[in-house]
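**Q** Dropping a structure here in structure tokens format, bear with me for questions.
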Amino acid sequence: MPDQRPVTTCDVTVIGGGLAGKAASLHLAKAGLKTVCIDPADTSRQPVGESLDWSTPDLLGNLGLSLDDVLARRIGTLKRRVVVKSREGQTEEYFPFSWFSRPPFNLEIRTLHVDRTRMDEELRKKAIDSGATLVRDKVVRVERTGKHISSVHTASGEQFSSPWFIDASGFATALLAREFQLRAVDYGPAKVAVWDYFPVSDPIEATTVYVEPESPEYLDWIWEIPVSAGVVSVGYVAAGAAVKAKREQGFTLKEIFRHRLMRFSRFQSLLETATLDELNVTSFRSRVHLGVAGPNWLIAGEAACMMDPITANGVTAALRHAEESCGLILKYRKRNKLSLRARVSYGRRVAQLAGFFNSGVENLVYQPQVRNRLGMGGSAGAYISPAWGVNVLYARFKPNGLFSTMLLMFLTEFSRACQWILYRCCKSLSQSSVKAS
Ligand SMILES: Cc1cc2nc3c(=O)[nH]c(=O)nc-3n(C[C@H](O)[C@H](O)[C@H](O)COP(=O)(O)OP(=O)(O)OC[C@H]3O[C@@H](n4cnc5c(N)ncnc54)[C@H](O)[C@@H]3O)c2cc1C
């Protein structure tokens with residue numbers, strides 16, 4: 001029987017109401033566009049992404065949630081630096097130069113750790129207050145003619161039609177990337193993250209990363225993020241194959257998590273009273289889709305690219321994509337179609353930045369060659385300095401046309417080439433020392 005239900009029409013349909021979807025809906029609704037955001041609202045999923053990069057406060061400010069608001073309303077805590085600690089007690093600290101806060105950069109050099117449930121709820125309320133409609137449903141089918149999308153169908157049989165679409169359906173769904181079979185570039189192996197929350201009395205204003213210093217293996221690491229005054233988020237990230245091998249030896253995830261944490265004295269007291277009964281688990285793979293914009297659609301957030309969590313750039317990427325894609329819809333709204341230039345340059349910016357961050361951490365941090373030659377401090381520094389530099393320039397100069405996107409490409413490709421040379425040199429030195437011994 002043909003579906004008799006009326007079609008809902010709007011200016012923009014946003015698929016997915018995670019961070020990228022909420023941010024996009026809020027931008028569009030604030031600009032006066034009739035926006036519908038569709039999300040199944042799976043409350044069993046704990047949102048993750050609690051340590052924010054230094055570019056994020058400005059992006060949140062553009063959504064009406066300033067850094068001072070977040071702190072005053074206890075949605076988050078201050079993050080002043082990143083600390084890398086090894087099991088032997090060696091500690092390295094990284095913080096942005098104070099001159100970033102002066103002209104010509106004028107950047108905020110404080111950033112945040114956030115309670116994601118509270119921050120997401122705040123953005124949801126703001127989107128609704130601005131006029132966006134949130135629909136609890138799941139998009140199951142896309143109706144299109146060639147590359148032009150005309151409507152989407154949901155699991156409950158509704159149909160939403162609009163001249164514009166934003167896909168913010170996240171890493172696991174990546175709806176339009178699948179629909180249009182976009183090419184994906186993977187960085188490193190599939191990984192697993194397991195995390196939980198612990199009460200503490202001594203939170204510090206830093207994200208701390210705990211590592212085994214000279215492991216010959218692919219890196220596994222632990223994060224500690226103070227999400228609110230007395231609570232830290234503690235997570236363990238490892239290659240999926242390593243976790244699978246442990247599971248095959250008969251270990252449960254709880255045992256694997258506890259065992260890794262117990263190697264660091266910091267967690268021994270935290271684990272004494274913890275039951276670990278509500279562990280959060282997810283698997284992911286750092287990935288970038290190519291060509292994430294079409295004539296009347298754009299892909300934002302993890303549906304476009306999955307940033308490795310160690311880069312702490314996923315939230316920045318989701319908010320940037322949301323802001324840039326909404327800007328493009330507003331600019332090309334009257335034409336009803338994005339220009340080829342706009343599509344290519346948006347896609348290039350998404351792919352270029354994600355590729356730069358993901359390949360940087362894979363070569364310099366996850367792989368053992370550079371880490372074991374320069375030490376954890378050296379390899380983290382070799383990644384962090386250019387990564388922060390690129391983010392600062394991006395935040396300051398906001399590339400949005402083809403020319404500025406080409407400049408960004410040149411800069412990131414140059415940095416990537418330097419990192420690759422460093423990786424190759426360390427790799428051949430390790431091979432020669434193995435042969436010599
Ligand atoms: C373990 C881990 C740790 C991380 N840590 C950090 C960090 O410290 N700092 C940082 O900046 N970033 C971090 N990130 C990244 C960050 O969490 C994400 O980049 C960000 O939350 C992405 O938001 P998103 O909206 O793109 O995707 P999601 O939050 O996944 O949202 C996608 C939404 O789409 C909905 N959806 C799915 N399918 C459909 C469908 N068919 N129809 C309609 N809706 C659909 C889902 O219900 C979901 O709500 C981390 C990521 C991981 C995996």
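Ordering of the structure tokens sets the chain letters (A, B, ...); residue numbers start at 1 within each chain; ligands are numbered from 1 in the order shown.
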Let me have all residues with an atom within 6 Å of ligand 1, counting only C-alpha atoms and all ligand atoms, laid out as a PDB file with N, CA, C and O atoms, in the first residue's frame.
**A**
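Here's the written file selection20.pdb:
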```
ATOM      1  N   ILE A  15      20.123  15.112  10.141  1.00  0.00           N
ATOM      2  CA  ILE A  15      20.013  13.688  10.496  1.00  0.00           C
ATOM      3  C   ILE A  15      21.010  13.419  11.624  1.00  0.00           C
ATOM      4  O   ILE A  15      22.218  13.495  11.426  1.00  0.00           O
ATOM      5  N   GLY A  16      20.492  13.129  12.810  1.00  0.00           N
ATOM      6  CA  GLY A  16      21.365  12.879  13.969  1.00  0.00           C
ATOM      7  C   GLY A  16      21.383  14.090  14.883  1.00  0.00           C
ATOM      8  O   GLY A  16      21.583  15.217  14.430  1.00  0.00           O
ATOM      9  N   GLY A  17      21.163  13.818  16.156  1.00  0.00           N
ATOM     10  CA  GLY A  17      21.125  14.923  17.131  1.00  0.00           C
ATOM     11  C   GLY A  17      22.188  14.763  18.197  1.00  0.00           C
ATOM     12  O   GLY A  17      21.971  15.043  19.365  1.00  0.00           O
ATOM     13  N   GLY A  18      23.375  14.285  17.800  1.00  0.00           N
ATOM     14  CA  GLY A  18      24.529  14.284  18.718  1.00  0.00           C
ATOM     15  C   GLY A  18      25.049  15.720  18.781  1.00  0.00           C
ATOM     16  O   GLY A  18      24.318  16.679  18.508  1.00  0.00           O
ATOM     17  N   LEU A  19      26.318  15.849  19.086  1.00  0.00           N
ATOM     18  CA  LEU A  19      26.858  17.202  19.234  1.00  0.00           C
ATOM     19  C   LEU A  19      26.804  17.992  17.924  1.00  0.00           C
ATOM     20  O   LEU A  19      26.349  19.144  17.889  1.00  0.00           O
ATOM     21  N   ALA A  20      27.249  17.362  16.829  1.00  0.00           N
ATOM     22  CA  ALA A  20      27.274  18.071  15.546  1.00  0.00           C
ATOM     23  C   ALA A  20      25.850  18.431  15.111  1.00  0.00           C
ATOM     24  O   ALA A  20      25.604  19.547  14.640  1.00  0.00           O
ATOM     25  N   GLY A  21      24.919  17.491  15.290  1.00  0.00           N
ATOM     26  CA  GLY A  21      23.529  17.734  14.877  1.00  0.00           C
ATOM     27  C   GLY A  21      22.875  18.828  15.695  1.00  0.00           C
ATOM     28  O   GLY A  21      22.175  19.688  15.153  1.00  0.00           O
ATOM     29  N   ILE A  38      16.422  14.977  13.373  1.00  0.00           N
ATOM     30  CA  ILE A  38      15.875  13.642  13.660  1.00  0.00           C
ATOM     31  C   ILE A  38      16.926  12.797  14.370  1.00  0.00           C
ATOM     32  O   ILE A  38      18.056  12.651  13.874  1.00  0.00           O
ATOM     33  N   ASP A  39      16.562  12.261  15.519  1.00  0.00           N
ATOM     34  CA  ASP A  39      17.505  11.412  16.273  1.00  0.00           C
ATOM     35  C   ASP A  39      16.704  10.395  17.084  1.00  0.00           C
ATOM     36  O   ASP A  39      15.708  10.751  17.699  1.00  0.00           O
ATOM     37  N   PRO A  40      17.140   9.125  17.096  1.00  0.00           N
ATOM     38  CA  PRO A  40      16.389   8.148  17.900  1.00  0.00           C
ATOM     39  C   PRO A  40      16.524   8.371  19.403  1.00  0.00           C
ATOM     40  O   PRO A  40      15.821   7.742  20.187  1.00  0.00           O
ATOM     41  N   ALA A  41      17.462   9.280  19.814  1.00  0.00           N
ATOM     42  CA  ALA A  41      17.663   9.617  21.230  1.00  0.00           C
ATOM     43  C   ALA A  41      17.867   8.377  22.082  1.00  0.00           C
ATOM     44  O   ALA A  41      17.064   8.041  22.938  1.00  0.00           O
ATOM     45  N   ASP A  42      18.957   7.694  21.813  1.00  0.00           N
ATOM     46  CA  ASP A  42      19.303   6.494  22.558  1.00  0.00           C
ATOM     47  C   ASP A  42      19.932   6.909  23.888  1.00  0.00           C
ATOM     48  O   ASP A  42      21.102   7.275  23.959  1.00  0.00           O
ATOM     49  N   VAL A  48      30.548  10.909  24.834  1.00  0.00           N
ATOM     50  CA  VAL A  48      31.957  10.980  25.228  1.00  0.00           C
ATOM     51  C   VAL A  48      32.610  12.126  24.455  1.00  0.00           C
ATOM     52  O   VAL A  48      32.070  12.587  23.452  1.00  0.00           O
ATOM     53  N   GLY A  49      33.775  12.588  24.942  1.00  0.00           N
ATOM     54  CA  GLY A  49      34.436  13.747  24.331  1.00  0.00           C
ATOM     55  C   GLY A  49      34.456  14.860  25.360  1.00  0.00           C
ATOM     56  O   GLY A  49      33.792  15.881  25.200  1.00  0.00           O
ATOM     57  N   GLU A  50      35.226  14.633  26.435  1.00  0.00           N
ATOM     58  CA  GLU A  50      35.118  15.520  27.598  1.00  0.00           C
ATOM     59  C   GLU A  50      36.283  16.482  27.741  1.00  0.00           C
ATOM     60  O   GLU A  50      36.212  17.445  28.499  1.00  0.00           O
ATOM     61  N   SER A  51      37.368  16.207  27.018  1.00  0.00           N
ATOM     62  CA  SER A  51      38.535  17.095  27.103  1.00  0.00           C
ATOM     63  C   SER A  51      38.576  17.915  25.817  1.00  0.00           C
ATOM     64  O   SER A  51      38.752  17.369  24.734  1.00  0.00           O
ATOM     65  N   LEU A  52      38.379  19.209  25.940  1.00  0.00           N
ATOM     66  CA  LEU A  52      38.214  20.023  24.734  1.00  0.00           C
ATOM     67  C   LEU A  52      39.522  20.685  24.322  1.00  0.00           C
ATOM     68  O   LEU A  52      40.330  21.081  25.164  1.00  0.00           O
ATOM     69  N   LYS A 138      14.323   7.533  13.594  1.00  0.00           N
ATOM     70  CA  LYS A 138      15.587   7.120  12.977  1.00  0.00           C
ATOM     71  C   LYS A 138      15.451   7.168  11.467  1.00  0.00           C
ATOM     72  O   LYS A 138      14.484   6.611  10.926  1.00  0.00           O
ATOM     73  N   VAL A 139      16.380   7.794  10.793  1.00  0.00           N
ATOM     74  CA  VAL A 139      16.309   7.840   9.328  1.00  0.00           C
ATOM     75  C   VAL A 139      16.743   6.486   8.790  1.00  0.00           C
ATOM     76  O   VAL A 139      17.804   5.966   9.166  1.00  0.00           O
ATOM     77  N   VAL A 140      15.902   5.911   7.937  1.00  0.00           N
ATOM     78  CA  VAL A 140      16.241   4.576   7.413  1.00  0.00           C
ATOM     79  C   VAL A 140      16.426   4.576   5.894  1.00  0.00           C
ATOM     80  O   VAL A 140      16.957   3.628   5.337  1.00  0.00           O
ATOM     81  N   ALA A 168      24.527  14.261  10.330  1.00  0.00           N
ATOM     82  CA  ALA A 168      25.365  14.261  11.541  1.00  0.00           C
ATOM     83  C   ALA A 168      25.075  12.970  12.293  1.00  0.00           C
ATOM     84  O   ALA A 168      24.897  12.970  13.510  1.00  0.00           O
ATOM     85  N   SER A 169      25.028  11.844  11.543  1.00  0.00           N
ATOM     86  CA  SER A 169      24.570  10.587  12.143  1.00  0.00           C
ATOM     87  C   SER A 169      25.676   9.799  12.825  1.00  0.00           C
ATOM     88  O   SER A 169      25.447   8.667  13.253  1.00  0.00           O
ATOM     89  N   GLY A 170      26.873  10.375  12.935  1.00  0.00           N
ATOM     90  CA  GLY A 170      27.929   9.746  13.724  1.00  0.00           C
ATOM     91  C   GLY A 170      28.708   8.671  12.982  1.00  0.00           C
ATOM     92  O   GLY A 170      28.394   8.301  11.847  1.00  0.00           O
ATOM     93  N   PHE A 171      29.739   8.170  13.675  1.00  0.00           N
ATOM     94  CA  PHE A 171      30.689   7.212  13.080  1.00  0.00           C
ATOM     95  C   PHE A 171      30.012   5.898  12.667  1.00  0.00           C
ATOM     96  O   PHE A 171      30.219   5.396  11.569  1.00  0.00           O
ATOM     97  N   THR A 173      26.878   5.080  12.014  1.00  0.00           N
ATOM     98  CA  THR A 173      25.872   5.105  10.946  1.00  0.00           C
ATOM     99  C   THR A 173      26.433   5.696   9.653  1.00  0.00           C
ATOM    100  O   THR A 173      26.292   5.106   8.583  1.00  0.00           O
ATOM    101  N   ALA A 193      37.537   1.586  23.344  1.00  0.00           N
ATOM    102  CA  ALA A 193      37.669   2.476  24.516  1.00  0.00           C
ATOM    103  C   ALA A 193      36.711   1.998  25.591  1.00  0.00           C
ATOM    104  O   ALA A 193      35.556   1.662  25.305  1.00  0.00           O
ATOM    105  N   GLY A 301      30.698  16.280  11.657  1.00  0.00           N
ATOM    106  CA  GLY A 301      31.043  15.483  12.839  1.00  0.00           C
ATOM    107  C   GLY A 301      31.611  14.128  12.457  1.00  0.00           C
ATOM    108  O   GLY A 301      32.228  13.959  11.401  1.00  0.00           O
ATOM    109  N   GLU A 302      31.388  13.153  13.333  1.00  0.00           N
ATOM    110  CA  GLU A 302      31.999  11.838  13.122  1.00  0.00           C
ATOM    111  C   GLU A 302      31.458  11.113  11.901  1.00  0.00           C
ATOM    112  O   GLU A 302      32.071  10.166  11.431  1.00  0.00           O
ATOM    113  N   ALA A 303      30.317  11.520  11.385  1.00  0.00           N
ATOM    114  CA  ALA A 303      29.827  10.924  10.143  1.00  0.00           C
ATOM    115  C   ALA A 303      30.768  11.300   8.997  1.00  0.00           C
ATOM    116  O   ALA A 303      30.885  10.578   8.009  1.00  0.00           O
ATOM    117  N   PRO A 309      40.648   9.827  19.734  1.00  0.00           N
ATOM    118  CA  PRO A 309      40.396  10.562  20.974  1.00  0.00           C
ATOM    119  C   PRO A 309      41.651  11.205  21.574  1.00  0.00           C
ATOM    120  O   PRO A 309      41.560  12.235  22.237  1.00  0.00           O
ATOM    121  N   ALA A 312      42.086  14.868  21.082  1.00  0.00           N
ATOM    122  CA  ALA A 312      41.109  15.768  21.738  1.00  0.00           C
ATOM    123  C   ALA A 312      40.593  16.808  20.742  1.00  0.00           C
ATOM    124  O   ALA A 312      40.433  17.980  21.069  1.00  0.00           O
ATOM    125  N   ASN A 313      40.348  16.363  19.518  1.00  0.00           N
ATOM    126  CA  ASN A 313      39.899  17.293  18.483  1.00  0.00           C
ATOM    127  C   ASN A 313      38.527  16.951  17.915  1.00  0.00           C
ATOM    128  O   ASN A 313      38.056  17.622  17.004  1.00  0.00           O
ATOM    129  N   GLY A 314      37.901  15.888  18.453  1.00  0.00           N
ATOM    130  CA  GLY A 314      36.611  15.458  17.898  1.00  0.00           C
ATOM    131  C   GLY A 314      35.515  16.493  18.103  1.00  0.00           C
ATOM    132  O   GLY A 314      34.716  16.761  17.189  1.00  0.00           O
ATOM    133  N   VAL A 315      35.486  17.081  19.299  1.00  0.00           N
ATOM    134  CA  VAL A 315      34.440  18.075  19.578  1.00  0.00           C
ATOM    135  C   VAL A 315      34.671  19.325  18.726  1.00  0.00           C
ATOM    136  O   VAL A 315      33.742  19.868  18.124  1.00  0.00           O
ATOM    137  N   THR A 316      35.934  19.747  18.641  1.00  0.00           N
ATOM    138  CA  THR A 316      36.248  20.904  17.788  1.00  0.00           C
ATOM    139  C   THR A 316      35.791  20.630  16.357  1.00  0.00           C
ATOM    140  O   THR A 316      35.149  21.475  15.725  1.00  0.00           O
ATOM    141  N   ALA A 318      33.506  18.522  15.265  1.00  0.00           N
ATOM    142  CA  ALA A 318      32.037  18.470  15.138  1.00  0.00           C
ATOM    143  C   ALA A 318      31.461  19.894  15.126  1.00  0.00           C
ATOM    144  O   ALA A 318      30.589  20.206  14.292  1.00  0.00           O
TER     145      ALA A 318
END
```
**Q** Give me the residues within 8 Å of Val192 of chain A as an mmCIF file with N, CA, C and O atoms, in the first residue's frame, counting only C-alpha atoms and dropping any in the same chain fewer than 3 places off.
**A**
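Writing done, so here's selection.cif:
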```
data_model
loop_
_atom_site.group_PDB
_atom_site.id
_atom_site.type_symbol
_atom_site.label_atom_id
_atom_site.label_comp_id
_atom_site.auth_asym_id
_atom_site.auth_seq_id
_atom_site.Cartn_x
_atom_site.Cartn_y
_atom_site.Cartn_z
ATOM 1 N N VAL A 237 42.203 3.103 26.258
ATOM 2 C CA VAL A 237 42.080 2.934 24.803
ATOM 3 C C VAL A 237 43.170 1.970 24.330
ATOM 4 O O VAL A 237 44.348 2.147 24.678
ATOM 5 N N ALA A 238 42.782 0.974 23.571
ATOM 6 C CA ALA A 238 43.769 0.009 23.061
ATOM 7 C C ALA A 238 43.329 -0.491 21.695
ATOM 8 O O ALA A 238 42.152 -0.363 21.325
ATOM 9 N N ALA A 239 44.274 -1.070 20.966
ATOM 10 C CA ALA A 239 43.934 -1.646 19.666
ATOM 11 C C ALA A 239 42.911 -2.769 19.887
ATOM 12 O O ALA A 239 43.036 -3.555 20.843
ATOM 13 N N GLY A 240 41.916 -2.841 19.006
ATOM 14 C CA GLY A 240 40.862 -3.841 19.151
ATOM 15 C C GLY A 240 41.433 -5.249 19.195
ATOM 16 O O GLY A 240 40.971 -6.095 19.975
ATOM 17 N N VAL A 243 42.707 -6.175 22.645
ATOM 18 C CA VAL A 243 41.616 -6.430 23.590
ATOM 19 C C VAL A 243 40.982 -7.789 23.269
ATOM 20 O O VAL A 243 40.700 -8.585 24.168
ATOM 21 N N VAL A 281 31.571 1.272 26.936
ATOM 22 C CA VAL A 281 32.473 0.666 25.942
ATOM 23 C C VAL A 281 32.094 1.139 24.553
ATOM 24 O O VAL A 281 30.900 1.240 24.232
ATOM 25 N N THR A 282 33.075 1.433 23.754
ATOM 26 C CA THR A 282 32.786 1.723 22.341
ATOM 27 C C THR A 282 33.970 1.270 21.497
ATOM 28 O O THR A 282 35.093 1.165 21.995
ATOM 29 N N SER A 283 33.711 0.984 20.239
ATOM 30 C CA SER A 283 34.831 0.694 19.348
ATOM 31 C C SER A 283 34.762 1.682 18.193
ATOM 32 O O SER A 283 33.686 2.173 17.841
ATOM 33 N N PHE A 284 35.902 1.983 17.635
ATOM 34 C CA PHE A 284 35.946 3.002 16.588
ATOM 35 C C PHE A 284 37.218 2.807 15.767
ATOM 36 O O PHE A 284 38.102 2.025 16.153
#
```
**Q** Quick one: of A:Ser379, A:Thr207, A:Thr405, A:Thr35, who's nearest to Ser130 of chain A, counting only C-alpha atoms?
**A**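 With only C-alpha atoms as the atom set, the closest residue is A:Thr35.
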**Q** Could you give me, as a ChimeraX atom specification, the residues within 10 Å of Thr8 of chain A, counting only C-alpha atoms and dropping anything in the same chain fewer than 6 positions from it?
**A** /A:36,151,158-162
**Q** Take the selection from the previous step and output its residues with all heavy atoms, as a compact mmCIF listing (two decimals), in the first residue's frame.
**A**
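Output saved as out-v3.txt:
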```txt
# COMPACT_ATOMS: atom_id res chain seq x y z
N VAL A 36 14.49 20.78 11.17
CA VAL A 36 14.03 19.57 11.86
C VAL A 36 15.25 18.68 12.08
O VAL A 36 16.01 18.41 11.14
CB VAL A 36 12.98 18.80 11.02
CG1 VAL A 36 12.67 17.45 11.65
CG2 VAL A 36 11.71 19.62 10.88
N SER A 151 14.26 13.81 -0.01
CA SER A 151 13.63 13.59 1.31
C SER A 151 14.27 12.40 2.00
O SER A 151 15.04 11.65 1.38
CB SER A 151 12.13 13.36 1.14
OG SER A 151 11.91 12.16 0.42
N GLU A 158 7.57 8.15 8.79
CA GLU A 158 7.45 9.57 8.43
C GLU A 158 8.38 9.88 7.25
O GLU A 158 9.38 9.20 7.04
CB GLU A 158 7.89 10.46 9.61
CG GLU A 158 7.12 10.26 10.89
CD GLU A 158 5.77 10.97 10.86
OE1 GLU A 158 5.65 11.96 10.15
OE2 GLU A 158 4.86 10.48 11.55
N GLN A 159 8.01 10.97 6.54
CA GLN A 159 8.89 11.43 5.45
C GLN A 159 9.17 12.91 5.65
O GLN A 159 8.25 13.69 5.94
CB GLN A 159 8.19 11.20 4.10
CG GLN A 159 9.07 11.53 2.92
CD GLN A 159 8.38 11.26 1.59
OE1 GLN A 159 7.25 10.77 1.56
NE2 GLN A 159 9.05 11.60 0.50
N PHE A 160 10.43 13.29 5.55
CA PHE A 160 10.83 14.69 5.73
C PHE A 160 11.46 15.18 4.44
O PHE A 160 12.41 14.57 3.95
CB PHE A 160 11.81 14.82 6.90
CG PHE A 160 11.19 14.49 8.22
CD1 PHE A 160 11.11 13.17 8.66
CD2 PHE A 160 10.65 15.49 9.02
CE1 PHE A 160 10.51 12.86 9.86
CE2 PHE A 160 10.05 15.18 10.23
CZ PHE A 160 9.97 13.86 10.65
N SER A 161 10.89 16.28 3.94
CA SER A 161 11.39 16.82 2.67
C SER A 161 11.90 18.24 2.90
O SER A 161 11.27 19.02 3.62
CB SER A 161 10.22 16.82 1.68
OG SER A 161 10.57 17.54 0.55
N SER A 162 13.05 18.54 2.31
CA SER A 162 13.60 19.90 2.47
C SER A 162 14.60 20.16 1.35
O SER A 162 15.10 19.20 0.74
CB SER A 162 14.29 20.04 3.83
OG SER A 162 15.27 19.04 3.99
```
**Q** Using only C-alpha atoms for the distances, tell me which of A:Asp196, A:Glu205, A:Glu179, A:Glu272 is nearest to Ile299 of chain A.
**A** A:Glu179
**Q** State, in Å with one decimal place, the distance from atom CA of Arg118 of chain A to atom CA of Thr273 of chain A.
**A**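 Pair atom CA of Arg118 of chain A / atom CA of Thr273 of chain A returns 25.7 Å.
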**Q** Please build the interface table for segment 337-413 of chain A against segment 57-66 of chain A with a cut-off of 12 Å, listing for each qualifying residue the nearest atom pair and the distance in Å to one decimal; count only C-alpha atoms, order rows by chain and increasing number, and write it as a Markdown table.
**A**
```
| residue | atom | partner | partner_atom | distance |
| --- | --- | --- | --- | --- |
| A:Val392 | CA | A:Asp58 | CA | 11.5 |
| A:Ala395 | CA | A:Asp58 | CA | 8.5 |
| A:Arg396 | CA | A:Asp58 | CA | 10.4 |
| A:Lys398 | CA | A:Leu59 | CA | 11.6 |
```
**Q** Within 10 Å of Arg80 of chain A, counting only C-alpha atoms, which residues show up once you throw out same-chain ones fewer than 4 positions away? Write them as a PyMOL selection string, please.
**A** chain A and resi 54+94-96+109-113+204-207
**Q** Using only C-alpha atoms for the distances, tell me which of A:Arg320, A:Ala417, A:Arg335, A:Val292 is nearest to Asn400 of chain A.
**A**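 Distance minimum relative to Asn400 of chain A lands on A:Arg320.
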**Q** Taking only C-alpha atoms into account, which of A:Lys246, A:His153, A:Arg287, A:Arg373 comes nearest Asp186 of chain A?
**A** A:Arg287
**Q** Would you please extract all strand (DSSP E) residues from segment 207-318 of chain A, as assigned by DSSP on the backbone, and give them as a PyMOL selection string?
**A** chain A and resi 207-211+221-228+231-239+280-289+297-299+305-306
**Q** For Gly378 of chain A, find every residue with an atom within 12 Å (counting only C-alpha atoms), except residues of its own chain fewer than 5 positions away, and show them as an NGL selection string.
**A** :A and (84 or 91-94 or 213 or 364-365 or 369-373 or 383-385 or 422)
**Q** Name all residues at most 10 Å from Ala241 of chain A (count only C-alpha atoms; drop same-chain ones fewer than 6 positions away) and give them as a list in words.
**A**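 Selected residues are Pro189, Ala190, Lys191, Val192 and Arg247 of chain A.
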**Q** Please write the residues from the selection above to a file, keeping C-alpha atoms, as a CSV table (one decimal), in the first residue's frame.
**A**
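result_19.csv, freshly written:
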```
chain,number,residue,atom,x,y,z
A,189,PRO,CA,43.8,-0.2,13.5
A,190,ALA,CA,40.3,-0.4,15.0
A,191,LYS,CA,40.4,0.5,18.7
A,192,VAL,CA,38.3,-0.1,21.8
A,247,ARG,CA,39.1,-11.7,25.8
```
**Q** Running DSSP on the backbone, which parts of segment 119-163 of chain A land in alpha helix (DSSP H), as a list in words?
**A** Met119, Asp120, Glu121, Glu122, Leu123, Arg124, Lys125, Lys126, Ala127, Ile128 and Asp129 of chain A
**Q** Provide the atom CA of Val135 of chain A to atom CA of Tyr332 of chain A distance in Å, to one decimal place.
**A**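 We find that atom CA of Val135 of chain A and atom CA of Tyr332 of chain A lie 25.7 Å from each other.
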